[in-house]
Amino acid sequence: MPPRKPSMPRTVQVAARPEPIAVVPEETALIVVDMQHAYLSNGGYLDLCGFDVSGSPPVIEECARVIAACRDAAIPVIYLQNGFSPDLREAPGPAAPVWHKSNALKFMRANDAYAGKLITHGTWDHEIVPEVAPRPGEVVVGKSRYSGFAGTALEQILRARRVRTVLVIGVATNVCVESTIRDAYHREFFPVMVSDATLGAGPGSQAATEFNVRAFFGWVTSGAELRAALGGNA
């Protein structure tokens with residue numbers, strides 16, 4: 001009997017903009033960006049700084065559905081978690097641009113009552129919201145800059161799993177999500193943004209990032225379209 005030929009990996013067509021994209025689940029990972037109280041909850045850092053977080057509940061629900069569909073399809077789920085050490089070693093002073101541009105750091109410097117409480121390791125603000133919490137064994141990549149690739153092992157983690165396509169969900173659309181998508185594209189990954197599983201910070205930000213991704217950096221799909229392609233319930 002001749003040797004059996006190895007089976008080809010399953011390929012699914014995901015409806016997306018600007019055109020459908022072929023995705024091989026075995027070569028795909030889901031990146032969950034910064035789904036933390038800081039960016040989603042009343043009393044979190046964004047809320048305290050005056051950003052509108054009222055759109056968080058449906059985004060959290062859609063993220064939970066996308067995560068469940070990827071788990072069912074054996075697509076690894078990789079979490080990004082943004083924040084700083086209590087001693088702020090990642091942003092020690094004015095020599096670091098993040099010291100000037102991080103709204104959380106600026107708010108803590110201006111409000112002594114919040115010193116060490118916003119996106120700081122070990123605080124409620126830093127925690128991933130329970131609706132989409134990682135399961136035991138799922139990878140959580142800590143970061144202290146907008147992009148999930150900046151100063152982290154994310155690329156190594158993806159390469160070790162032979163990942164070529166990255167599905168991206170989370171917050172904020174125009175900051176950490178877009179930064180991660182841009183860096184993924186520059187590292188020869190195929191980024192697919194799940195638009196209704198992301199939430200922008202600031203006026204017009206959601207539409208602007210969706211345009212940037214579909215025109216320059218990747219593909220934009222919806223949670224229902226992705227689940228339909230993976231064989232789950234829409």
# chains A, B, ... in the order shown; residues from 1 in each chain; ligands from 1
>>> residues_around(residues="Cys49 in chain A", least_positions_apart="4", cutoff="10 Å", atoms="only C-alpha atoms", output="list in words")
Gly43, Gly44, Tyr45, Asn103, Ala104, Lys106 and Phe107 of chain A
>>> write_last_selection(atoms="N, CA and C atoms", output="PDB file, in the first residue's frame")
ATOM      1  N   GLY A  43     -14.889  54.271  35.707  1.00  0.00           N
ATOM      2  CA  GLY A  43     -13.890  54.366  36.761  1.00  0.00           C
ATOM      3  C   GLY A  43     -12.514  53.931  36.333  1.00  0.00           C
ATOM      4  N   GLY A  44     -12.406  53.417  35.097  1.00  0.00           N
ATOM      5  CA  GLY A  44     -11.101  53.070  34.543  1.00  0.00           C
ATOM      6  C   GLY A  44     -10.392  54.305  34.019  1.00  0.00           C
ATOM      7  N   TYR A  45      -9.159  54.099  33.616  1.00  0.00           N
ATOM      8  CA  TYR A  45      -8.308  55.228  33.223  1.00  0.00           C
ATOM      9  C   TYR A  45      -8.907  56.080  32.101  1.00  0.00           C
ATOM     10  N   ASN A 103      -1.648  59.272  28.722  1.00  0.00           N
ATOM     11  CA  ASN A 103      -2.647  59.997  29.501  1.00  0.00           C
ATOM     12  C   ASN A 103      -2.745  59.462  30.916  1.00  0.00           C
ATOM     13  N   ALA A 104      -2.521  58.167  31.083  1.00  0.00           N
ATOM     14  CA  ALA A 104      -2.575  57.584  32.424  1.00  0.00           C
ATOM     15  C   ALA A 104      -1.459  58.132  33.304  1.00  0.00           C
ATOM     16  N   LYS A 106       0.168  60.941  32.920  1.00  0.00           N
ATOM     17  CA  LYS A 106      -0.073  62.363  33.177  1.00  0.00           C
ATOM     18  C   LYS A 106      -1.161  62.553  34.229  1.00  0.00           C
ATOM     19  N   PHE A 107      -2.216  61.738  34.154  1.00  0.00           N
ATOM     20  CA  PHE A 107      -3.304  61.854  35.124  1.00  0.00           C
ATOM     21  C   PHE A 107      -2.822  61.509  36.525  1.00  0.00           C
TER      22      PHE A 107
END
>>> select_by_dssp(residues="range 16-124 of chain A", states="strand (DSSP E)", output="list in words")
Ile21, Ala22, Val23, Thr28, Ala29, Leu30, Ile31, Val32, Val33, Val77, Ile78, Tyr79, Leu80, Gln81 and Asn82 of chain A
>>> closest_atom_pairs(of="range 28-141 of chain A", to="range 212-233 of chain A", cutoff="8 Å", atoms="only C-alpha atoms", output="Markdown table")
| residue | atom | partner | partner_atom | distance |
| --- | --- | --- | --- | --- |
| A:Glu62 | CA | A:Gly223 | CA | 6.7 |
| A:Arg65 | CA | A:Gly223 | CA | 7.6 |
| A:Val66 | CA | A:Gly223 | CA | 6.1 |
| A:Ala69 | CA | A:Arg227 | CA | 6.1 |
| A:Cys70 | CA | A:Leu230 | CA | 7.8 |
| A:Ala73 | CA | A:Leu230 | CA | 6.6 |
>>> write_last_selection(atoms="C-alpha atoms", output="mmCIF file, in the first residue's frame")
data_model
loop_
_atom_site.group_PDB
_atom_site.id
_atom_site.type_symbol
_atom_site.label_atom_id
_atom_site.label_comp_id
_atom_site.auth_asym_id
_atom_site.auth_seq_id
_atom_site.Cartn_x
_atom_site.Cartn_y
_atom_site.Cartn_z
ATOM 1 C CA GLU A 62 -18.617 40.531 20.518
ATOM 2 C CA ARG A 65 -18.127 35.498 20.864
ATOM 3 C CA VAL A 66 -15.034 35.804 18.660
ATOM 4 C CA ALA A 69 -15.302 30.738 18.047
ATOM 5 C CA CYS A 70 -11.516 30.766 17.791
ATOM 6 C CA ALA A 73 -11.619 26.213 15.854
#
>>> select_by_dssp(residues="range 39-140 of chain A", states="helix (DSSP H, G or I)", output="number ranges by chain")
A: 39-40, 45-48, 56-72, 97-101, 103-110, 112-114, 130-132
>>> atom_distance(atom1="CA of Asp112 in chain A", atom2="CA of Leu40 in chain A")
22.6 Å
>>> closest_residue(among="A:Val166, A:Ile60, A:His100, A:Val192", to="Glu19 in chain A", atoms="only C-alpha atoms")
A:Val192
>>> atom_distance(atom1="CA of Gly200 in chain A", atom2="CA of Val53 in chain A")
9.2 Å
